[in-house]
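Shown next: run_16.cif, given as mmCIF, C-alpha atoms (C1' of nucleotides).
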```
data_structure
#
loop_
_atom_site.label_atom_id
_atom_site.label_comp_id
_atom_site.auth_asym_id
_atom_site.auth_seq_id
_atom_site.Cartn_x
_atom_site.Cartn_y
_atom_site.Cartn_z
CA MET W 194 139.51 103.31 84.61
CA ARG W 195 139.20 106.98 85.27
CA SER W 196 139.17 108.57 88.67
CA THR W 197 135.92 110.11 89.73
CA PRO W 198 135.81 113.86 90.45
CA LEU W 199 136.40 115.08 93.97
CA THR W 200 133.05 115.96 95.47
CA TYR W 201 131.39 117.26 98.60
CA ASN W 202 127.88 116.53 99.82
CA THR W 203 125.07 118.93 99.23
CA THR W 204 123.64 120.68 102.28
CA ARG W 205 120.12 121.09 103.62
CA ALA W 206 120.30 124.80 102.83
CA PHE W 207 121.01 123.97 99.20
CA TYR W 208 117.53 122.47 98.89
CA ALA W 209 115.68 124.94 101.11
CA ARG W 210 115.28 127.41 98.25
CA PRO W 211 112.80 128.07 95.45
CA THR W 212 112.25 124.88 93.45
CA VAL W 213 113.32 126.41 90.16
CA GLU W 214 116.66 127.53 91.63
CA VAL W 215 117.28 124.10 93.10
CA ALA W 216 116.44 122.46 89.78
CA ARG W 217 118.87 124.65 87.86
CA ASP W 218 121.66 124.18 90.40
CA LEU W 219 121.25 120.41 90.43
CA LEU W 220 122.43 120.28 86.82
CA GLY W 221 126.05 119.12 86.81
CA THR W 222 125.90 117.66 90.32
CA ILE W 223 126.80 114.05 91.06
CA LEU W 224 124.25 111.44 92.08
CA ARG W 225 125.84 108.53 93.94
CA HIS W 226 124.34 105.23 95.01
CA GLY W 227 126.89 102.85 96.46
CA ALA W 228 129.56 102.31 93.82
CA ALA W 229 127.47 103.92 91.08
CA ALA W 230 127.96 107.58 90.23
CA ALA W 231 126.36 109.74 87.57
CA ARG W 232 126.10 113.39 86.64
CA ILE W 233 122.68 115.00 86.54
CA VAL W 234 122.09 116.46 83.09
CA GLU W 235 118.30 116.92 82.89
CA VAL W 236 115.68 117.86 85.48
CA GLU W 237 112.15 119.19 85.77
CA ALA W 238 110.70 121.42 88.49
CA TYR W 239 107.30 120.69 90.03
CA LEU W 240 105.91 123.49 92.13
CA GLY W 241 103.80 122.92 95.18
CA GLU W 242 101.40 125.76 94.57
CA SER W 243 99.41 126.54 91.48
CA ASP W 244 101.07 123.76 89.54
CA THR W 245 98.28 121.40 88.54
CA ALA W 246 100.79 118.94 87.12
CA ALA W 247 102.50 118.36 90.48
CA HIS W 248 101.56 115.42 92.68
CA SER W 249 101.43 117.86 95.58
CA ALA W 250 98.86 120.09 93.85
CA ARG W 251 95.91 118.81 95.87
CA GLY W 252 97.52 118.87 99.28
CA PRO W 253 99.40 116.21 101.24
CA THR W 254 98.48 112.55 100.84
CA PRO W 255 100.21 109.47 102.27
CA ARG W 256 102.35 109.28 99.14
CA THR W 257 103.29 112.94 98.83
CA GLN W 258 103.95 113.73 102.47
CA VAL W 259 107.69 113.79 101.92
CA LEU W 260 107.21 116.69 99.52
CA PHE W 261 105.85 118.75 102.39
CA GLY W 262 108.57 117.65 104.79
CA PRO W 263 112.15 118.88 105.11
CA PRO W 264 113.99 119.47 101.82
CA GLY W 265 116.80 117.31 100.45
CA HIS W 266 114.88 114.05 100.76
CA ALA W 267 114.04 111.59 97.99
CA TYR W 268 110.51 111.25 96.63
CA VAL W 269 110.35 107.96 94.75
CA TYR W 270 107.18 106.57 93.24
CA LEU W 271 106.05 103.88 90.82
CA ILE W 272 104.63 105.17 87.57
CA TYR W 273 102.63 103.20 85.00
CA GLY W 274 103.05 100.13 87.18
CA MET W 275 106.53 99.61 85.82
CA HIS W 276 108.99 102.42 86.40
CA TYR W 277 110.31 104.32 89.37
CA CYS W 278 110.89 108.06 89.21
CA LEU W 279 113.34 109.89 91.45
CA ASN W 280 112.52 113.35 92.75
CA ILE W 281 114.19 115.58 95.31
CA ALA W 282 112.09 117.63 97.71
CA ALA W 283 112.82 121.37 97.68
CA GLU W 284 111.54 124.45 99.51
CA ARG W 285 111.38 124.85 103.27
CA GLU W 286 109.61 122.31 105.43
CA GLY W 287 105.85 122.70 105.15
CA LYS W 288 105.97 123.89 101.57
CA ALA W 289 105.82 121.45 98.68
CA GLY W 290 108.05 121.55 95.63
CA CYS W 291 110.30 118.97 94.03
CA VAL W 292 112.73 118.32 91.24
CA LEU W 293 112.32 115.31 88.96
CA ILE W 294 115.62 113.81 87.84
CA ARG W 295 115.03 113.03 84.17
CA ALA W 296 118.48 112.01 82.93
CA VAL W 297 122.02 111.47 84.16
CA GLU W 298 125.42 110.88 82.56
CA PRO W 299 127.20 107.70 83.76
CA ILE W 300 130.50 108.32 85.55
CA ALA W 301 131.27 105.02 87.26
CA GLY W 302 129.63 101.71 88.03
CA VAL W 303 126.70 102.17 85.66
CA GLY W 304 126.04 99.62 82.93
CA LEU W 305 122.62 100.59 81.66
CA PRO W 306 121.15 103.57 79.78
CA THR W 307 120.30 106.56 81.99
CA ASN W 308 118.64 108.92 79.53
CA GLY W 309 115.17 108.85 80.99
CA PRO W 310 113.44 108.99 84.41
CA GLY W 311 112.55 105.29 84.47
CA LYS W 312 115.83 104.20 82.96
CA LEU W 313 118.11 106.00 85.39
CA THR W 314 116.38 104.59 88.46
CA ARG W 315 116.78 101.09 87.03
CA ALA W 316 120.44 101.73 86.09
CA LEU W 317 121.29 103.08 89.54
CA GLY W 318 119.19 100.57 91.47
CA ILE W 319 116.84 103.15 92.95
CA THR W 320 113.58 101.71 94.29
CA LEU W 321 110.81 102.47 96.76
CA GLU W 322 113.18 101.64 99.60
CA HIS W 323 114.76 105.02 98.94
CA TYR W 324 111.48 106.81 99.49
CA GLY W 325 112.20 109.53 102.04
CA ALA W 326 115.97 108.92 102.01
CA ASP W 327 118.14 111.86 103.04
CA LEU W 328 120.19 112.84 100.01
CA THR W 329 122.68 114.88 102.04
CA GLY W 330 123.96 111.74 103.75
CA GLY W 331 123.35 108.03 103.29
CA SER W 332 123.75 105.33 100.65
CA LEU W 333 122.00 107.49 98.09
CA ILE W 334 123.48 110.98 98.03
CA VAL W 335 123.93 114.02 95.83
CA CYS W 336 127.35 115.66 95.68
CA ALA W 337 128.44 118.90 94.06
CA PRO W 338 131.55 118.86 91.87
CA ALA W 339 134.60 120.24 93.68
CA ARG W 340 135.61 121.97 90.49
CA ARG W 341 132.81 123.97 89.02
CA THR W 342 132.17 123.19 85.40
CA THR W 343 130.44 125.61 83.10
CA PHE W 344 127.82 124.75 80.52
CA ASP W 345 124.85 126.25 78.78
CA ILE W 346 121.49 125.48 80.34
CA GLY W 347 118.61 124.75 78.01
CA VAL W 348 114.99 125.40 79.02
CA SER W 349 111.78 123.91 77.66
CA PRO W 350 108.27 122.92 78.72
CA ARG W 351 108.03 119.73 80.75
CA ILE W 352 107.71 116.44 78.92
CA ARG W 353 104.82 113.96 78.81
CA ILE W 354 102.58 115.61 81.33
CA LYS W 355 99.02 116.57 80.48
CA LYS W 356 98.60 119.64 82.63
CA ALA W 357 100.38 122.98 82.75
CA ILE W 358 102.26 122.04 79.61
CA ASP W 359 102.98 125.70 78.91
CA LEU W 360 105.31 126.22 81.85
CA PRO W 361 109.04 126.22 80.96
CA LEU W 362 110.21 124.15 83.92
CA ARG W 363 112.46 121.59 82.24
CA PHE W 364 116.17 122.31 82.47
CA PHE W 365 119.01 120.43 80.81
CA ILE W 366 122.68 120.73 79.95
CA GLN W 367 122.75 122.04 76.41
CA GLY W 368 124.34 119.61 73.98
CA ASN W 369 124.82 116.78 76.47
CA ARG W 370 124.35 113.44 74.72
CA TYR W 371 122.66 111.85 77.73
CA VAL W 372 119.72 114.25 77.82
CA SER W 373 116.58 112.23 77.14
CA GLY W 374 115.59 112.15 73.53
CA SER W 375 111.93 112.36 74.37
CA VAL W 376 110.11 115.02 72.45
CA PRO W 377 106.91 116.66 73.66
CA LYS W 378 103.94 115.96 71.50
"C1'" DG A 26 84.54 98.50 97.16
"C1'" DT A 27 85.29 99.97 92.42
"C1'" DA A 28 87.20 102.53 88.68
"C1'" DA A 29 90.15 105.96 86.52
"C1'" DT A 30 94.67 107.78 86.07
"C1'" DG A 31 99.61 108.23 84.94
"C1'" DA A 32 106.17 113.00 85.65
"C1'" DT A 33 107.44 105.65 81.05
"C1'" DC A 34 109.63 102.36 78.14
"C1'" DT A 35 109.91 98.94 74.54
"C1'" DC A 36 108.48 96.84 70.70
"C1'" DT A 37 105.86 97.00 66.17
"C1'" DG L 98 101.10 103.90 67.53
"C1'" DA L 99 99.81 100.56 71.22
"C1'" DG L 100 100.45 97.58 75.18
"C1'" DA L 101 102.44 96.34 79.67
"C1'" DT L 102 101.02 96.67 84.58
"C1'" DC L 103 99.88 98.53 89.42
"C1'" DA L 104 100.03 101.98 93.31
"C1'" DT L 105 97.52 105.86 94.37
"C1'" DT L 106 93.49 108.58 94.33
"C1'" DA L 107 88.71 109.90 93.91
"C1'" DC L 108 84.27 108.62 94.15
"C1'" DC L 109 80.16 105.54 95.47
#
```
Exercise: express the given structure as structure tokens:
Amino acid sequence: MRSTPLTYNTTRAFYARPTVEVARDLLGTILRHGAAAARIVEVEAYLGESDTAAHSARGPTPRTQVLFGPPGHAYVYLIYGMHYCLNIAAEREGKAGCVLIRAVEPIAGVGLPTNGPGKLTRALGITLEHYGADLTGGSLIVCAPARRTTFDIGVSPRIRIKKAIDLPLRFFIQGNRYVSGSVPK
DNA sequence: GTAATGATCTCT
DNA sequence: GAGATCATTACC
């Protein structure tokens, strides 16, 4: 049994920045849900404007309203009728933009694979009940490591979307074994 | 009301 | 490479 790293909660200001910056800075942070903890190793940025691949591209809808609300809140949705995906709203209130958590590295209390968007939500027990949850305080939170670790950040186009596939908005920790093995077609 | 779509995963 | 499986969205 190893001790988990000392951590401090992320702040609202952390998320109230350009989506791409938030996405990059989320790499290496700790996602906690109850007793489960995992390190974020792969993310994708979805921009609110001029990003046809984003759910927020065509304006607010009942589902995407949280993306236009205050940053630092969870956007969870069911995809393909089977899997939940966890996103974190970025940008200031009134402007859409979010970061999809694609893969995490288990730290404690995780007994299932986490190398994929649908897998990590299942492994951490994240469901629609977390829709709109405040990730700066609550049962589901994101913490930053007390000791900053350094790593190389890899960049690539986003995976398995059908629009705007040319944009390099996927970020991951270079060489980390928990980065999803999915390869764009 | 009806139909198309999809930021996935698992098995073959 | 294909199927599972359903909420959301767009359109009639």
If you count only C-alpha atoms (C1' of nucleotides), which residues fall within 9 Å of range 310-318 of chain W, apart from same-chain ones fewer than 4 positions away, as a tab-separated table (two decimals) with C-alpha atoms (C1' of nucleotides), in the frame of the given file?
```
chain	number	residue	atom	x	y	z
W	225	ARG	CA	125.84	108.53	93.94
W	226	HIS	CA	124.34	105.23	95.01
W	227	GLY	CA	126.89	102.85	96.46
W	229	ALA	CA	127.47	103.92	91.08
W	230	ALA	CA	127.96	107.58	90.23
W	231	ALA	CA	126.36	109.74	87.57
W	272	ILE	CA	104.63	105.17	87.57
W	275	MET	CA	106.53	99.61	85.82
W	276	HIS	CA	108.99	102.42	86.40
W	277	TYR	CA	110.31	104.32	89.37
W	278	CYS	CA	110.89	108.06	89.21
W	279	LEU	CA	113.34	109.89	91.45
W	293	LEU	CA	112.32	115.31	88.96
W	294	ILE	CA	115.62	113.81	87.84
W	295	ARG	CA	115.03	113.03	84.17
W	296	ALA	CA	118.48	112.01	82.93
W	297	VAL	CA	122.02	111.47	84.16
W	302	GLY	CA	129.63	101.71	88.03
W	303	VAL	CA	126.70	102.17	85.66
W	304	GLY	CA	126.04	99.62	82.93
W	305	LEU	CA	122.62	100.59	81.66
W	306	PRO	CA	121.15	103.57	79.78
W	373	SER	CA	116.58	112.23	77.14
A	32	DA	C1'	106.17	113.00	85.65
A	33	DT	C1'	107.44	105.65	81.05
A	34	DC	C1'	109.63	102.36	78.14
```
Query - Contacts of DC109 in chain L within 12 Å, only C-alpha atoms (C1' of nucleotides), excl. fewer than 5 positions in-chain, as JSON, numbers by chain - result: {"A": [26, 27, 28]}
Query - the PyMOL selection byres ((chain W) within 7 of (chain L)) resolved against shown file, as a PyMOL selection string - result: chain W and resi 271+273-275
Query raised in the report: CA of Ala206 in chain W and CA of Gly290 in chain W are how many Å apart?
Result: 14.6 Å
For this structure, which residues satisfy the selection - the PyMOL selection byres ((chain W and resi 234-250) around 8) - when it is evaluated on the file as given? I want them as a PDB file with C-alpha atoms, keeping the file's coordinate frame.
```
ATOM      1  CA  THR W 212     112.250 124.880  93.450  1.00  0.00           C
ATOM      2  CA  VAL W 213     113.320 126.410  90.160  1.00  0.00           C
ATOM      3  CA  ALA W 216     116.440 122.460  89.780  1.00  0.00           C
ATOM      4  CA  ARG W 217     118.870 124.650  87.860  1.00  0.00           C
ATOM      5  CA  LEU W 219     121.250 120.410  90.430  1.00  0.00           C
ATOM      6  CA  LEU W 220     122.430 120.280  86.820  1.00  0.00           C
ATOM      7  CA  GLY W 221     126.050 119.120  86.810  1.00  0.00           C
ATOM      8  CA  ARG W 232     126.100 113.390  86.640  1.00  0.00           C
ATOM      9  CA  ILE W 233     122.680 115.000  86.540  1.00  0.00           C
ATOM     10  CA  ARG W 251      95.910 118.810  95.870  1.00  0.00           C
ATOM     11  CA  GLY W 252      97.520 118.870  99.280  1.00  0.00           C
ATOM     12  CA  PRO W 253      99.400 116.210 101.240  1.00  0.00           C
ATOM     13  CA  THR W 257     103.290 112.940  98.830  1.00  0.00           C
ATOM     14  CA  LEU W 260     107.210 116.690  99.520  1.00  0.00           C
ATOM     15  CA  LYS W 288     105.970 123.890 101.570  1.00  0.00           C
ATOM     16  CA  ALA W 289     105.820 121.450  98.680  1.00  0.00           C
ATOM     17  CA  GLY W 290     108.050 121.550  95.630  1.00  0.00           C
ATOM     18  CA  CYS W 291     110.300 118.970  94.030  1.00  0.00           C
ATOM     19  CA  VAL W 292     112.730 118.320  91.240  1.00  0.00           C
ATOM     20  CA  LEU W 293     112.320 115.310  88.960  1.00  0.00           C
ATOM     21  CA  ILE W 294     115.620 113.810  87.840  1.00  0.00           C
ATOM     22  CA  ARG W 295     115.030 113.030  84.170  1.00  0.00           C
ATOM     23  CA  ALA W 296     118.480 112.010  82.930  1.00  0.00           C
ATOM     24  CA  VAL W 297     122.020 111.470  84.160  1.00  0.00           C
ATOM     25  CA  GLU W 298     125.420 110.880  82.560  1.00  0.00           C
ATOM     26  CA  ARG W 351     108.030 119.730  80.750  1.00  0.00           C
ATOM     27  CA  ILE W 354     102.580 115.610  81.330  1.00  0.00           C
ATOM     28  CA  LYS W 355      99.020 116.570  80.480  1.00  0.00           C
ATOM     29  CA  LYS W 356      98.600 119.640  82.630  1.00  0.00           C
ATOM     30  CA  ALA W 357     100.380 122.980  82.750  1.00  0.00           C
ATOM     31  CA  LEU W 362     110.210 124.150  83.920  1.00  0.00           C
ATOM     32  CA  ARG W 363     112.460 121.590  82.240  1.00  0.00           C
ATOM     33  CA  PHE W 364     116.170 122.310  82.470  1.00  0.00           C
ATOM     34  CA  PHE W 365     119.010 120.430  80.810  1.00  0.00           C
ATOM     35  CA  ILE W 366     122.680 120.730  79.950  1.00  0.00           C
ATOM     36  CA  ASN W 369     124.820 116.780  76.470  1.00  0.00           C
ATOM     37  CA  TYR W 371     122.660 111.850  77.730  1.00  0.00           C
ATOM     38  CA  VAL W 372     119.720 114.250  77.820  1.00  0.00           C
ATOM     39  CA  SER W 373     116.580 112.230  77.140  1.00  0.00           C
TER      40      SER W 373
END
```
Query raised in the report: Can you tell me how far CA of Ala337 in chain W sits from CA of Arg205 in chain W, in Å to one decimal?
Result: 12.9 Å
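Taking CA of Tyr208 in chain W and CA of Ala283 in chain W as the two end points, the separation is 5.0 Å.
Closest approach to chain A among W:Ile334, W:Ile319, W:Val269, W:Ala326: W:Val269, based on only C-alpha atoms (C1' of nucleotides).
With all atoms listed in the file as the atoms that count, the minimum distance from chain A to the choices W:Gly374, W:Gly262, W:Gly309, W:Gly331 is reached by W:Gly309.
Compared by their closest atoms to chain A, and using only C-alpha atoms (C1' of nucleotides), the residues W:Tyr268, W:Phe344, W:Phe261, W:Tyr201 rank with W:Tyr268 nearest.
The smallest atom-to-atom distance between chain A and any of W:Pro263, W:Arg370, W:Asn280, W:Val335, using only C-alpha atoms (C1' of nucleotides), is found for W:Asn280.
Closest to chain A among W:Ser332, W:Tyr270, W:Pro264, W:Asp327 is W:Tyr270, based on only C-alpha atoms (C1' of nucleotides).
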